[in-house]
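Undergrad: Quick one: structure below, then a few questions.
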Amino acid sequence: MYGGGYIFDEPNKRQLKDEQLHDDPEKLAAFEARIARGEKIEPGDWMPSEYRRQLIRLIEQHAHSEIIGALPEGTWITRAPGFKRKLALIAKVQDEIGHGQLLYNAAETLGKSREAMINDLLSGKSKYSNVFNYPAETWADVTVIGFLIDAAAIVNQVANAKGSYGPYCRALERICYEESFHLKQGHDAFIELATGTPAQRAMLQDALNRWWQPIMHFFGPPDKSSVHSEKLMQWKVKMASNDEMRNQFLDTYVPKIWELGLSLPDPALRKNDSTGKWEFSDPDWELFKKVINGGGPCNKERLNVRKWAEEHGRWVRKALMHPGEKITAPAA
Amino acid sequence: MENNQSLDPRVNRLQLSISGDPVVVRDGENWNVFEVFHQEKRGAHHEHVGCVHAPNAQLALVFAKEQFGRRKKCVNLWVVRSADILAFNTEDEDMFANNLEKTYRDASGFKVMEKINRYKKSGKE
């Protein structure tokens, strides 16, 4: 998974300041021409300071989402129904942690250390995808996450893989390859419940009802109310708008849910055939803000589990440390 | 919903963060960076695939196996400290710009058939 479709930024930082757009006019023009030609930017290249800041934020949040995203599913490994499901879930959770590491490495090439990123996660300064602040109450929740949250993340990651920063694109290429297994195993587990006994279908319908709002939140606020910068699109940091990605997701996956006789808890959800766009009731964006800022059902637990892991793994890391070693960022 | 009780009994048993002290990861605690090169089959080149954090080369190999050797075919991996990679500055890439103009270094830069045909033609007349 698990790139949140939505990059969180403090509201007062969303607008680019003038001087940030004018680092050095000549270098900026060459940089923008390179991106316009479809070339990738590499770690040693000159880049505007705002490009660097936004990319660190984007890749770091993506990395945190992978690490935290493994937790709601990880708690189900011991309770997965059957040996095959258990093996698949272990493999998937291991993949997510691996993705986190690939992404931390990509962000490190921009000059922020992995330790600094982890500290910002633990202190609450850095965010991660909002959906992981909700609990996985039943096995059906795990199938909804594995199918629909992964699907939403893939929409986002496939778009980002066409972005302008080389190390991020290379990490995403590998991630997307592994994601195809995640989506398939999630779909398989989802279908098993959807085509199973009345009790299994009821459990799946209940999970869908609870996850629909977080899924609608996944791609972030609608374009009309989100201040997204034209610059970030031009620099190929942001590759598609929130509404475009949400619409693409709905277009592919709502029919796959409806064809199984399952419902979604939004009577207004329909495709407008004349515009080709999906229509839906506005999700509760106040709730979204509240959950991102720590007020969700699981925010505290997620970070506490992460802190516990850091605290209890410390003696191992410390025993292997080389005091005085000069740390080098990844080469590419 | 109440935050303090997890749905996962294992999480509850950990009695998380009772002290409430902030956890800070110190600089260098995640060790150093090693670049990883992957060989897909015997006889193929090792190709750069990414990097891992590790305290030494031996553990870097172990982590590289987990990260880059668990899916696709793999027969061998190399690791090398990122600090030991020497590379040209990416801004100097124009030094390679005229490679394609050096046709005397390329098989396509030598055309003999025209001369052979001309010779054969002249011999017949």
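Labels for the structure tokens follow display order: chains A, B, ..., residues from 1 in each chain, ligands from 1.
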For chain B, report every residue with an atom at most 10 Å from chain A (counting only C-alpha atoms), formatted as number ranges by chain.
TA: B: 1-12, 14-18, 20-35, 48-56, 59, 66-68, 70-71, 81-92
Undergrad: Env of Leu89 (chain A): 9 Å cut, atoms = only C-alpha atoms, seq-sep filter 3 positions within chain, self excluded. Answer as a PyMOL selection string.
TA: chain A and resi 73-74+76-77+80+84-86+92-94+182+185
Undergrad: Where in chain B does DSSP assign strand (DSSP E), given as a PyMOL selection string?
TA: chain B and resi 32-39+46-54+76-81
Undergrad: Could the residues in this selection be saved with C-alpha atoms as a CSV table (one decimal), in the first residue's frame?
TA:
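The result, written out as selection07.csv:
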chain,number,residue,atom,x,y,z
B,32,ASN,CA,24.8,3.6,8.0
B,33,VAL,CA,23.6,3.1,4.4
B,34,PHE,CA,24.7,0.3,2.1
B,35,GLU,CA,23.9,0.1,-1.6
B,36,VAL,CA,22.6,-3.2,-2.8
B,37,PHE,CA,23.3,-5.0,-6.2
B,38,HIS,CA,21.2,-7.9,-7.3
B,39,GLN,CA,22.2,-10.7,-9.6
B,46,HIS,CA,24.8,-7.4,-10.7
B,47,GLU,CA,22.3,-4.5,-10.9
B,48,HIS,CA,21.8,-1.7,-8.4
B,49,VAL,CA,18.3,-2.1,-6.8
B,50,GLY,CA,18.4,0.2,-3.7
B,51,CYS,CA,19.9,0.3,-0.3
B,52,VAL,CA,19.6,-0.9,3.3
B,53,HIS,CA,20.5,0.5,6.7
B,54,ALA,CA,23.0,-1.8,8.6
B,76,ASN,CA,23.5,-13.4,-5.5
B,77,LEU,CA,23.7,-10.0,-3.9
B,78,TRP,CA,26.5,-7.5,-3.4
B,79,VAL,CA,26.5,-4.7,-0.8
B,80,VAL,CA,28.9,-1.7,-0.5
B,81,ARG,CA,28.9,1.2,1.8
Undergrad: Could you pull out the residues in region 170-314 of chain A that DSSP calls helix (DSSP H, G or I) from the backbone, as a PDB file with N, CA and C atoms, in the first residue's frame?
TA:
ATOM      1  N   ARG A 170      11.678   5.085  -8.586  1.00  0.00           N
ATOM      2  CA  ARG A 170      12.262   3.740  -8.568  1.00  0.00           C
ATOM      3  C   ARG A 170      11.710   2.921  -7.402  1.00  0.00           C
ATOM      4  N   ALA A 171      11.547   3.583  -6.240  1.00  0.00           N
ATOM      5  CA  ALA A 171      10.973   2.874  -5.090  1.00  0.00           C
ATOM      6  C   ALA A 171       9.541   2.455  -5.417  1.00  0.00           C
ATOM      7  N   LEU A 172       8.772   3.358  -6.052  1.00  0.00           N
ATOM      8  CA  LEU A 172       7.365   3.066  -6.350  1.00  0.00           C
ATOM      9  C   LEU A 172       7.225   1.946  -7.369  1.00  0.00           C
ATOM     10  N   GLU A 173       8.181   1.867  -8.280  1.00  0.00           N
ATOM     11  CA  GLU A 173       8.117   0.812  -9.297  1.00  0.00           C
ATOM     12  C   GLU A 173       8.126  -0.556  -8.606  1.00  0.00           C
ATOM     13  N   ARG A 174       9.044  -0.690  -7.655  1.00  0.00           N
ATOM     14  CA  ARG A 174       9.142  -1.950  -6.920  1.00  0.00           C
ATOM     15  C   ARG A 174       7.884  -2.158  -6.063  1.00  0.00           C
ATOM     16  N   ILE A 175       7.428  -1.079  -5.422  1.00  0.00           N
ATOM     17  CA  ILE A 175       6.266  -1.165  -4.543  1.00  0.00           C
ATOM     18  C   ILE A 175       5.021  -1.598  -5.327  1.00  0.00           C
ATOM     19  N   CYS A 176       4.805  -0.981  -6.482  1.00  0.00           N
ATOM     20  CA  CYS A 176       3.609  -1.301  -7.280  1.00  0.00           C
ATOM     21  C   CYS A 176       3.617  -2.769  -7.704  1.00  0.00           C
ATOM     22  N   TYR A 177       4.812  -3.287  -7.998  1.00  0.00           N
ATOM     23  CA  TYR A 177       4.916  -4.703  -8.385  1.00  0.00           C
ATOM     24  C   TYR A 177       4.412  -5.589  -7.247  1.00  0.00           C
ATOM     25  N   GLU A 178       4.831  -5.276  -6.011  1.00  0.00           N
ATOM     26  CA  GLU A 178       4.407  -6.105  -4.881  1.00  0.00           C
ATOM     27  C   GLU A 178       2.944  -5.869  -4.513  1.00  0.00           C
ATOM     28  N   GLU A 179       2.471  -4.642  -4.773  1.00  0.00           N
ATOM     29  CA  GLU A 179       1.077  -4.306  -4.479  1.00  0.00           C
ATOM     30  C   GLU A 179       0.103  -5.164  -5.259  1.00  0.00           C
ATOM     31  N   SER A 180       0.504  -5.594  -6.452  1.00  0.00           N
ATOM     32  CA  SER A 180      -0.447  -6.344  -7.267  1.00  0.00           C
ATOM     33  C   SER A 180      -0.825  -7.640  -6.537  1.00  0.00           C
ATOM     34  N   PHE A 181       0.119  -8.220  -5.803  1.00  0.00           N
ATOM     35  CA  PHE A 181      -0.194  -9.403  -4.979  1.00  0.00           C
ATOM     36  C   PHE A 181      -1.138  -9.017  -3.833  1.00  0.00           C
ATOM     37  N   HIS A 182      -0.889  -7.855  -3.216  1.00  0.00           N
ATOM     38  CA  HIS A 182      -1.725  -7.443  -2.079  1.00  0.00           C
ATOM     39  C   HIS A 182      -3.183  -7.289  -2.498  1.00  0.00           C
ATOM     40  N   LEU A 183      -3.361  -6.621  -3.632  1.00  0.00           N
ATOM     41  CA  LEU A 183      -4.712  -6.371  -4.122  1.00  0.00           C
ATOM     42  C   LEU A 183      -5.407  -7.694  -4.433  1.00  0.00           C
ATOM     43  N   LYS A 184      -4.659  -8.590  -5.078  1.00  0.00           N
ATOM     44  CA  LYS A 184      -5.236  -9.868  -5.493  1.00  0.00           C
ATOM     45  C   LYS A 184      -5.621 -10.711  -4.283  1.00  0.00           C
ATOM     46  N   GLN A 185      -4.744 -10.765  -3.270  1.00  0.00           N
ATOM     47  CA  GLN A 185      -5.078 -11.580  -2.101  1.00  0.00           C
ATOM     48  C   GLN A 185      -6.217 -10.933  -1.305  1.00  0.00           C
ATOM     49  N   GLY A 186      -6.266  -9.594  -1.302  1.00  0.00           N
ATOM     50  CA  GLY A 186      -7.355  -8.896  -0.619  1.00  0.00           C
ATOM     51  C   GLY A 186      -8.680  -9.147  -1.320  1.00  0.00           C
ATOM     52  N   HIS A 187      -8.648  -9.083  -2.651  1.00  0.00           N
ATOM     53  CA  HIS A 187      -9.857  -9.322  -3.447  1.00  0.00           C
ATOM     54  C   HIS A 187     -10.353 -10.751  -3.215  1.00  0.00           C
ATOM     55  N   ASP A 188      -9.417 -11.684  -3.209  1.00  0.00           N
ATOM     56  CA  ASP A 188      -9.759 -13.096  -3.013  1.00  0.00           C
ATOM     57  C   ASP A 188     -10.452 -13.316  -1.670  1.00  0.00           C
ATOM     58  N   ALA A 189      -9.893 -12.713  -0.607  1.00  0.00           N
ATOM     59  CA  ALA A 189     -10.473 -12.882   0.728  1.00  0.00           C
ATOM     60  C   ALA A 189     -11.837 -12.183   0.818  1.00  0.00           C
ATOM     61  N   PHE A 190     -11.952 -11.031   0.151  1.00  0.00           N
ATOM     62  CA  PHE A 190     -13.199 -10.254   0.107  1.00  0.00           C
ATOM     63  C   PHE A 190     -14.294 -11.076  -0.592  1.00  0.00           C
ATOM     64  N   ILE A 191     -13.926 -11.653  -1.747  1.00  0.00           N
ATOM     65  CA  ILE A 191     -14.888 -12.436  -2.527  1.00  0.00           C
ATOM     66  C   ILE A 191     -15.337 -13.675  -1.756  1.00  0.00           C
ATOM     67  N   GLU A 192     -14.403 -14.271  -1.017  1.00  0.00           N
ATOM     68  CA  GLU A 192     -14.768 -15.458  -0.248  1.00  0.00           C
ATOM     69  C   GLU A 192     -15.892 -15.139   0.738  1.00  0.00           C
ATOM     70  N   LEU A 193     -15.798 -13.981   1.392  1.00  0.00           N
ATOM     71  CA  LEU A 193     -16.876 -13.597   2.315  1.00  0.00           C
ATOM     72  C   LEU A 193     -18.137 -13.214   1.552  1.00  0.00           C
ATOM     73  N   ALA A 194     -17.954 -12.475   0.453  1.00  0.00           N
ATOM     74  CA  ALA A 194     -19.108 -11.964  -0.299  1.00  0.00           C
ATOM     75  C   ALA A 194     -19.923 -13.088  -0.913  1.00  0.00           C
ATOM     76  N   PRO A 198     -24.701 -16.460   4.816  1.00  0.00           N
ATOM     77  CA  PRO A 198     -25.341 -15.186   5.185  1.00  0.00           C
ATOM     78  C   PRO A 198     -24.589 -14.471   6.300  1.00  0.00           C
ATOM     79  N   ALA A 199     -24.037 -15.227   7.251  1.00  0.00           N
ATOM     80  CA  ALA A 199     -23.297 -14.587   8.359  1.00  0.00           C
ATOM     81  C   ALA A 199     -22.024 -13.912   7.826  1.00  0.00           C
ATOM     82  N   GLN A 200     -21.332 -14.567   6.890  1.00  0.00           N
ATOM     83  CA  GLN A 200     -20.125 -13.975   6.310  1.00  0.00           C
ATOM     84  C   GLN A 200     -20.460 -12.709   5.523  1.00  0.00           C
ATOM     85  N   ARG A 201     -21.552 -12.769   4.762  1.00  0.00           N
ATOM     86  CA  ARG A 201     -21.960 -11.580   3.990  1.00  0.00           C
ATOM     87  C   ARG A 201     -22.343 -10.433   4.921  1.00  0.00           C
ATOM     88  N   ALA A 202     -23.011 -10.775   6.009  1.00  0.00           N
ATOM     89  CA  ALA A 202     -23.423  -9.722   6.950  1.00  0.00           C
ATOM     90  C   ALA A 202     -22.193  -9.079   7.588  1.00  0.00           C
ATOM     91  N   MET A 203     -21.205  -9.898   7.903  1.00  0.00           N
ATOM     92  CA  MET A 203     -19.975  -9.375   8.504  1.00  0.00           C
ATOM     93  C   MET A 203     -19.251  -8.457   7.519  1.00  0.00           C
ATOM     94  N   LEU A 204     -19.237  -8.847   6.245  1.00  0.00           N
ATOM     95  CA  LEU A 204     -18.578  -8.026   5.225  1.00  0.00           C
ATOM     96  C   LEU A 204     -19.335  -6.715   5.013  1.00  0.00           C
ATOM     97  N   GLN A 205     -20.666  -6.794   4.972  1.00  0.00           N
ATOM     98  CA  GLN A 205     -21.470  -5.587   4.774  1.00  0.00           C
ATOM     99  C   GLN A 205     -21.244  -4.601   5.933  1.00  0.00           C
ATOM    100  N   ASP A 206     -21.147  -5.131   7.138  1.00  0.00           N
ATOM    101  CA  ASP A 206     -20.900  -4.287   8.314  1.00  0.00           C
ATOM    102  C   ASP A 206     -19.539  -3.591   8.196  1.00  0.00           C
ATOM    103  N   ALA A 207     -18.530  -4.352   7.765  1.00  0.00           N
ATOM    104  CA  ALA A 207     -17.198  -3.749   7.610  1.00  0.00           C
ATOM    105  C   ALA A 207     -17.216  -2.661   6.535  1.00  0.00           C
ATOM    106  N   LEU A 208     -17.890  -2.957   5.401  1.00  0.00           N
ATOM    107  CA  LEU A 208     -17.993  -1.963   4.317  1.00  0.00           C
ATOM    108  C   LEU A 208     -18.648  -0.681   4.824  1.00  0.00           C
ATOM    109  N   ASN A 209     -19.718  -0.830   5.600  1.00  0.00           N
ATOM    110  CA  ASN A 209     -20.431   0.342   6.113  1.00  0.00           C
ATOM    111  C   ASN A 209     -19.509   1.213   6.966  1.00  0.00           C
ATOM    112  N   ARG A 210     -18.689   0.568   7.791  1.00  0.00           N
ATOM    113  CA  ARG A 210     -17.819   1.333   8.682  1.00  0.00           C
ATOM    114  C   ARG A 210     -16.630   1.948   7.940  1.00  0.00           C
ATOM    115  N   TRP A 211     -16.141   1.261   6.874  1.00  0.00           N
ATOM    116  CA  TRP A 211     -14.935   1.745   6.191  1.00  0.00           C
ATOM    117  C   TRP A 211     -15.224   2.730   5.065  1.00  0.00           C
ATOM    118  N   TRP A 212     -16.508   2.866   4.693  1.00  0.00           N
ATOM    119  CA  TRP A 212     -16.761   3.681   3.496  1.00  0.00           C
ATOM    120  C   TRP A 212     -16.339   5.141   3.682  1.00  0.00           C
ATOM    121  N   GLN A 213     -16.678   5.696   4.846  1.00  0.00           N
ATOM    122  CA  GLN A 213     -16.297   7.102   5.058  1.00  0.00           C
ATOM    123  C   GLN A 213     -14.766   7.299   5.059  1.00  0.00           C
ATOM    124  N   PRO A 214     -14.010   6.479   5.832  1.00  0.00           N
ATOM    125  CA  PRO A 214     -12.547   6.618   5.737  1.00  0.00           C
ATOM    126  C   PRO A 214     -12.023   6.458   4.304  1.00  0.00           C
ATOM    127  N   ILE A 215     -12.638   5.568   3.531  1.00  0.00           N
ATOM    128  CA  ILE A 215     -12.192   5.390   2.138  1.00  0.00           C
ATOM    129  C   ILE A 215     -12.470   6.661   1.332  1.00  0.00           C
ATOM    130  N   MET A 216     -13.630   7.281   1.550  1.00  0.00           N
ATOM    131  CA  MET A 216     -13.941   8.525   0.835  1.00  0.00           C
ATOM    132  C   MET A 216     -13.008   9.655   1.275  1.00  0.00           C
ATOM    133  N   HIS A 217     -12.520   9.570   2.522  1.00  0.00           N
ATOM    134  CA  HIS A 217     -11.560  10.567   3.013  1.00  0.00           C
ATOM    135  C   HIS A 217     -10.173  10.364   2.415  1.00  0.00           C
ATOM    136  N   GLU A 230      -0.581  24.877  -8.211  1.00  0.00           N
ATOM    137  CA  GLU A 230      -0.286  24.606  -9.614  1.00  0.00           C
ATOM    138  C   GLU A 230       1.175  24.227  -9.783  1.00  0.00           C
ATOM    139  N   LYS A 231       2.008  24.886  -8.961  1.00  0.00           N
ATOM    140  CA  LYS A 231       3.447  24.614  -9.032  1.00  0.00           C
ATOM    141  C   LYS A 231       3.760  23.142  -8.800  1.00  0.00           C
ATOM    142  N   LEU A 232       3.069  22.547  -7.794  1.00  0.00           N
ATOM    143  CA  LEU A 232       3.370  21.150  -7.472  1.00  0.00           C
ATOM    144  C   LEU A 232       2.978  20.222  -8.613  1.00  0.00           C
ATOM    145  N   MET A 233       1.943  20.615  -9.345  1.00  0.00           N
ATOM    146  CA  MET A 233       1.564  19.848 -10.541  1.00  0.00           C
ATOM    147  C   MET A 233       2.617  20.048 -11.629  1.00  0.00           C
ATOM    148  N   GLN A 234       3.024  21.301 -11.805  1.00  0.00           N
ATOM    149  CA  GLN A 234       4.016  21.603 -12.847  1.00  0.00           C
ATOM    150  C   GLN A 234       5.344  20.890 -12.561  1.00  0.00           C
ATOM    151  N   ASN A 242      -7.009  15.466  -6.097  1.00  0.00           N
ATOM    152  CA  ASN A 242      -7.732  14.579  -5.182  1.00  0.00           C
ATOM    153  C   ASN A 242      -9.008  14.041  -5.823  1.00  0.00           C
ATOM    154  N   ASP A 243      -9.763  14.943  -6.465  1.00  0.00           N
ATOM    155  CA  ASP A 243     -11.038  14.524  -7.063  1.00  0.00           C
ATOM    156  C   ASP A 243     -10.832  13.568  -8.233  1.00  0.00           C
ATOM    157  N   GLU A 244      -9.788  13.818  -9.028  1.00  0.00           N
ATOM    158  CA  GLU A 244      -9.515  12.922 -10.169  1.00  0.00           C
ATOM    159  C   GLU A 244      -9.227  11.511  -9.683  1.00  0.00           C
ATOM    160  N   MET A 245      -8.393  11.417  -8.627  1.00  0.00           N
ATOM    161  CA  MET A 245      -8.041  10.083  -8.132  1.00  0.00           C
ATOM    162  C   MET A 245      -9.233   9.391  -7.486  1.00  0.00           C
ATOM    163  N   ARG A 246     -10.032  10.184  -6.729  1.00  0.00           N
ATOM    164  CA  ARG A 246     -11.212   9.592  -6.081  1.00  0.00           C
ATOM    165  C   ARG A 246     -12.182   9.068  -7.140  1.00  0.00           C
ATOM    166  N   ASN A 247     -12.352   9.849  -8.199  1.00  0.00           N
ATOM    167  CA  ASN A 247     -13.276   9.444  -9.253  1.00  0.00           C
ATOM    168  C   ASN A 247     -12.790   8.176  -9.966  1.00  0.00           C
ATOM    169  N   GLN A 248     -11.485   8.116 -10.195  1.00  0.00           N
ATOM    170  CA  GLN A 248     -10.911   6.930 -10.843  1.00  0.00           C
ATOM    171  C   GLN A 248     -11.125   5.688  -9.978  1.00  0.00           C
ATOM    172  N   PHE A 249     -10.939   5.858  -8.668  1.00  0.00           N
ATOM    173  CA  PHE A 249     -11.146   4.740  -7.737  1.00  0.00           C
ATOM    174  C   PHE A 249     -12.605   4.277  -7.756  1.00  0.00           C
ATOM    175  N   LEU A 250     -13.540   5.240  -7.643  1.00  0.00           N
ATOM    176  CA  LEU A 250     -14.967   4.894  -7.612  1.00  0.00           C
ATOM    177  C   LEU A 250     -15.366   4.190  -8.901  1.00  0.00           C
ATOM    178  N   ASP A 251     -14.837   4.691 -10.009  1.00  0.00           N
ATOM    179  CA  ASP A 251     -15.211   4.165 -11.315  1.00  0.00           C
ATOM    180  C   ASP A 251     -14.810   2.697 -11.458  1.00  0.00           C
ATOM    181  N   THR A 252     -13.662   2.347 -10.895  1.00  0.00           N
ATOM    182  CA  THR A 252     -13.198   0.961 -11.029  1.00  0.00           C
ATOM    183  C   THR A 252     -13.843   0.053  -9.988  1.00  0.00           C
ATOM    184  N   TYR A 253     -13.989   0.532  -8.747  1.00  0.00           N
ATOM    185  CA  TYR A 253     -14.293  -0.399  -7.659  1.00  0.00           C
ATOM    186  C   TYR A 253     -15.743  -0.428  -7.198  1.00  0.00           C
ATOM    187  N   VAL A 254     -16.497   0.651  -7.344  1.00  0.00           N
ATOM    188  CA  VAL A 254     -17.903   0.595  -6.911  1.00  0.00           C
ATOM    189  C   VAL A 254     -18.674  -0.490  -7.682  1.00  0.00           C
ATOM    190  N   PRO A 255     -18.511  -0.576  -9.018  1.00  0.00           N
ATOM    191  CA  PRO A 255     -19.228  -1.655  -9.729  1.00  0.00           C
ATOM    192  C   PRO A 255     -18.839  -3.041  -9.222  1.00  0.00           C
ATOM    193  N   LYS A 256     -17.574  -3.221  -8.836  1.00  0.00           N
ATOM    194  CA  LYS A 256     -17.131  -4.538  -8.341  1.00  0.00           C
ATOM    195  C   LYS A 256     -17.790  -4.882  -7.000  1.00  0.00           C
ATOM    196  N   ILE A 257     -18.180  -3.853  -6.245  1.00  0.00           N
ATOM    197  CA  ILE A 257     -18.857  -4.095  -4.960  1.00  0.00           C
ATOM    198  C   ILE A 257     -20.349  -4.349  -5.206  1.00  0.00           C
ATOM    199  N   TRP A 258     -20.926  -3.511  -6.046  1.00  0.00           N
ATOM    200  CA  TRP A 258     -22.367  -3.620  -6.320  1.00  0.00           C
ATOM    201  C   TRP A 258     -22.721  -4.943  -6.990  1.00  0.00           C
ATOM    202  N   TRP A 285     -15.854  16.276   6.473  1.00  0.00           N
ATOM    203  CA  TRP A 285     -14.460  16.728   6.432  1.00  0.00           C
ATOM    204  C   TRP A 285     -13.985  17.279   7.769  1.00  0.00           C
ATOM    205  N   GLU A 286     -14.919  17.648   8.648  1.00  0.00           N
ATOM    206  CA  GLU A 286     -14.508  18.070   9.988  1.00  0.00           C
ATOM    207  C   GLU A 286     -13.958  16.871  10.765  1.00  0.00           C
ATOM    208  N   LEU A 287     -14.644  15.732  10.589  1.00  0.00           N
ATOM    209  CA  LEU A 287     -14.183  14.497  11.227  1.00  0.00           C
ATOM    210  C   LEU A 287     -12.788  14.131  10.701  1.00  0.00           C
ATOM    211  N   PHE A 288     -12.621  14.264   9.395  1.00  0.00           N
ATOM    212  CA  PHE A 288     -11.319  13.984   8.768  1.00  0.00           C
ATOM    213  C   PHE A 288     -10.208  14.792   9.431  1.00  0.00           C
ATOM    214  N   LYS A 289     -10.455  16.080   9.602  1.00  0.00           N
ATOM    215  CA  LYS A 289      -9.442  16.952  10.234  1.00  0.00           C
ATOM    216  C   LYS A 289      -9.183  16.527  11.669  1.00  0.00           C
ATOM    217  N   LYS A 290     -10.273  16.180  12.358  1.00  0.00           N
ATOM    218  CA  LYS A 290     -10.142  15.791  13.763  1.00  0.00           C
ATOM    219  C   LYS A 290      -9.285  14.518  13.877  1.00  0.00           C
ATOM    220  N   VAL A 291      -9.536  13.545  12.986  1.00  0.00           N
ATOM    221  CA  VAL A 291      -8.803  12.270  13.078  1.00  0.00           C
ATOM    222  C   VAL A 291      -7.327  12.480  12.711  1.00  0.00           C
ATOM    223  N   ILE A 292      -7.070  13.276  11.660  1.00  0.00           N
ATOM    224  CA  ILE A 292      -5.673  13.537  11.269  1.00  0.00           C
ATOM    225  C   ILE A 292      -4.914  14.184  12.420  1.00  0.00           C
ATOM    226  N   ASN A 293      -5.586  15.030  13.164  1.00  0.00           N
ATOM    227  CA  ASN A 293      -4.903  15.737  14.240  1.00  0.00           C
ATOM    228  C   ASN A 293      -4.935  14.993  15.568  1.00  0.00           C
ATOM    229  N   GLY A 294      -5.166  13.682  15.520  1.00  0.00           N
ATOM    230  CA  GLY A 294      -4.984  12.875  16.728  1.00  0.00           C
ATOM    231  C   GLY A 294      -6.278  12.410  17.372  1.00  0.00           C
ATOM    232  N   GLY A 295      -7.433  12.820  16.841  1.00  0.00           N
ATOM    233  CA  GLY A 295      -8.700  12.518  17.508  1.00  0.00           C
ATOM    234  C   GLY A 295      -9.418  11.284  17.017  1.00  0.00           C
ATOM    235  N   ASN A 299      -5.441   6.560  16.934  1.00  0.00           N
ATOM    236  CA  ASN A 299      -4.190   7.328  16.798  1.00  0.00           C
ATOM    237  C   ASN A 299      -3.206   6.987  17.911  1.00  0.00           C
ATOM    238  N   LYS A 300      -3.730   6.991  19.152  1.00  0.00           N
ATOM    239  CA  LYS A 300      -2.860   6.829  20.302  1.00  0.00           C
ATOM    240  C   LYS A 300      -2.246   5.429  20.314  1.00  0.00           C
ATOM    241  N   GLU A 301      -3.089   4.446  20.048  1.00  0.00           N
ATOM    242  CA  GLU A 301      -2.582   3.071  20.066  1.00  0.00           C
ATOM    243  C   GLU A 301      -1.501   2.876  19.005  1.00  0.00           C
ATOM    244  N   ARG A 302      -1.739   3.388  17.785  1.00  0.00           N
ATOM    245  CA  ARG A 302      -0.765   3.191  16.698  1.00  0.00           C
ATOM    246  C   ARG A 302       0.602   3.747  17.098  1.00  0.00           C
ATOM    247  N   LEU A 303       0.622   4.972  17.589  1.00  0.00           N
ATOM    248  CA  LEU A 303       1.910   5.585  17.928  1.00  0.00           C
ATOM    249  C   LEU A 303       2.530   4.911  19.144  1.00  0.00           C
ATOM    250  N   ASN A 304       1.703   4.470  20.091  1.00  0.00           N
ATOM    251  CA  ASN A 304       2.250   3.804  21.267  1.00  0.00           C
ATOM    252  C   ASN A 304       2.890   2.460  20.914  1.00  0.00           C
ATOM    253  N   VAL A 305       2.280   1.747  19.948  1.00  0.00           N
ATOM    254  CA  VAL A 305       2.884   0.483  19.512  1.00  0.00           C
ATOM    255  C   VAL A 305       4.237   0.771  18.861  1.00  0.00           C
ATOM    256  N   ARG A 306       4.265   1.825  18.041  1.00  0.00           N
ATOM    257  CA  ARG A 306       5.511   2.206  17.361  1.00  0.00           C
ATOM    258  C   ARG A 306       6.587   2.601  18.389  1.00  0.00           C
ATOM    259  N   LYS A 307       6.169   3.365  19.407  1.00  0.00           N
ATOM    260  CA  LYS A 307       7.123   3.778  20.441  1.00  0.00           C
ATOM    261  C   LYS A 307       7.639   2.569  21.211  1.00  0.00           C
ATOM    262  N   TRP A 308       6.737   1.646  21.506  1.00  0.00           N
ATOM    263  CA  TRP A 308       7.132   0.438  22.237  1.00  0.00           C
ATOM    264  C   TRP A 308       8.210  -0.301  21.440  1.00  0.00           C
ATOM    265  N   ALA A 309       8.000  -0.406  20.114  1.00  0.00           N
ATOM    266  CA  ALA A 309       8.961  -1.120  19.269  1.00  0.00           C
ATOM    267  C   ALA A 309      10.310  -0.404  19.277  1.00  0.00           C
ATOM    268  N   GLU A 310      10.288   0.916  19.194  1.00  0.00           N
ATOM    269  CA  GLU A 310      11.552   1.667  19.203  1.00  0.00           C
ATOM    270  C   GLU A 310      12.271   1.478  20.542  1.00  0.00           C
ATOM    271  N   GLU A 311      11.514   1.554  21.630  1.00  0.00           N
ATOM    272  CA  GLU A 311      12.121   1.437  22.958  1.00  0.00           C
ATOM    273  C   GLU A 311      12.719   0.053  23.195  1.00  0.00           C
ATOM    274  N   HIS A 312      11.952  -0.976  22.787  1.00  0.00           N
ATOM    275  CA  HIS A 312      12.397  -2.328  23.108  1.00  0.00           C
ATOM    276  C   HIS A 312      13.396  -2.891  22.103  1.00  0.00           C
ATOM    277  N   GLY A 313      13.543  -2.227  20.964  1.00  0.00           N
ATOM    278  CA  GLY A 313      14.570  -2.660  20.014  1.00  0.00           C
ATOM    279  C   GLY A 313      15.874  -1.894  20.202  1.00  0.00           C
ATOM    280  N   ARG A 314      15.834  -0.905  21.074  1.00  0.00           N
ATOM    281  CA  ARG A 314      16.983   0.001  21.176  1.00  0.00           C
ATOM    282  C   ARG A 314      18.264  -0.705  21.580  1.00  0.00           C
TER     283      ARG A 314
END
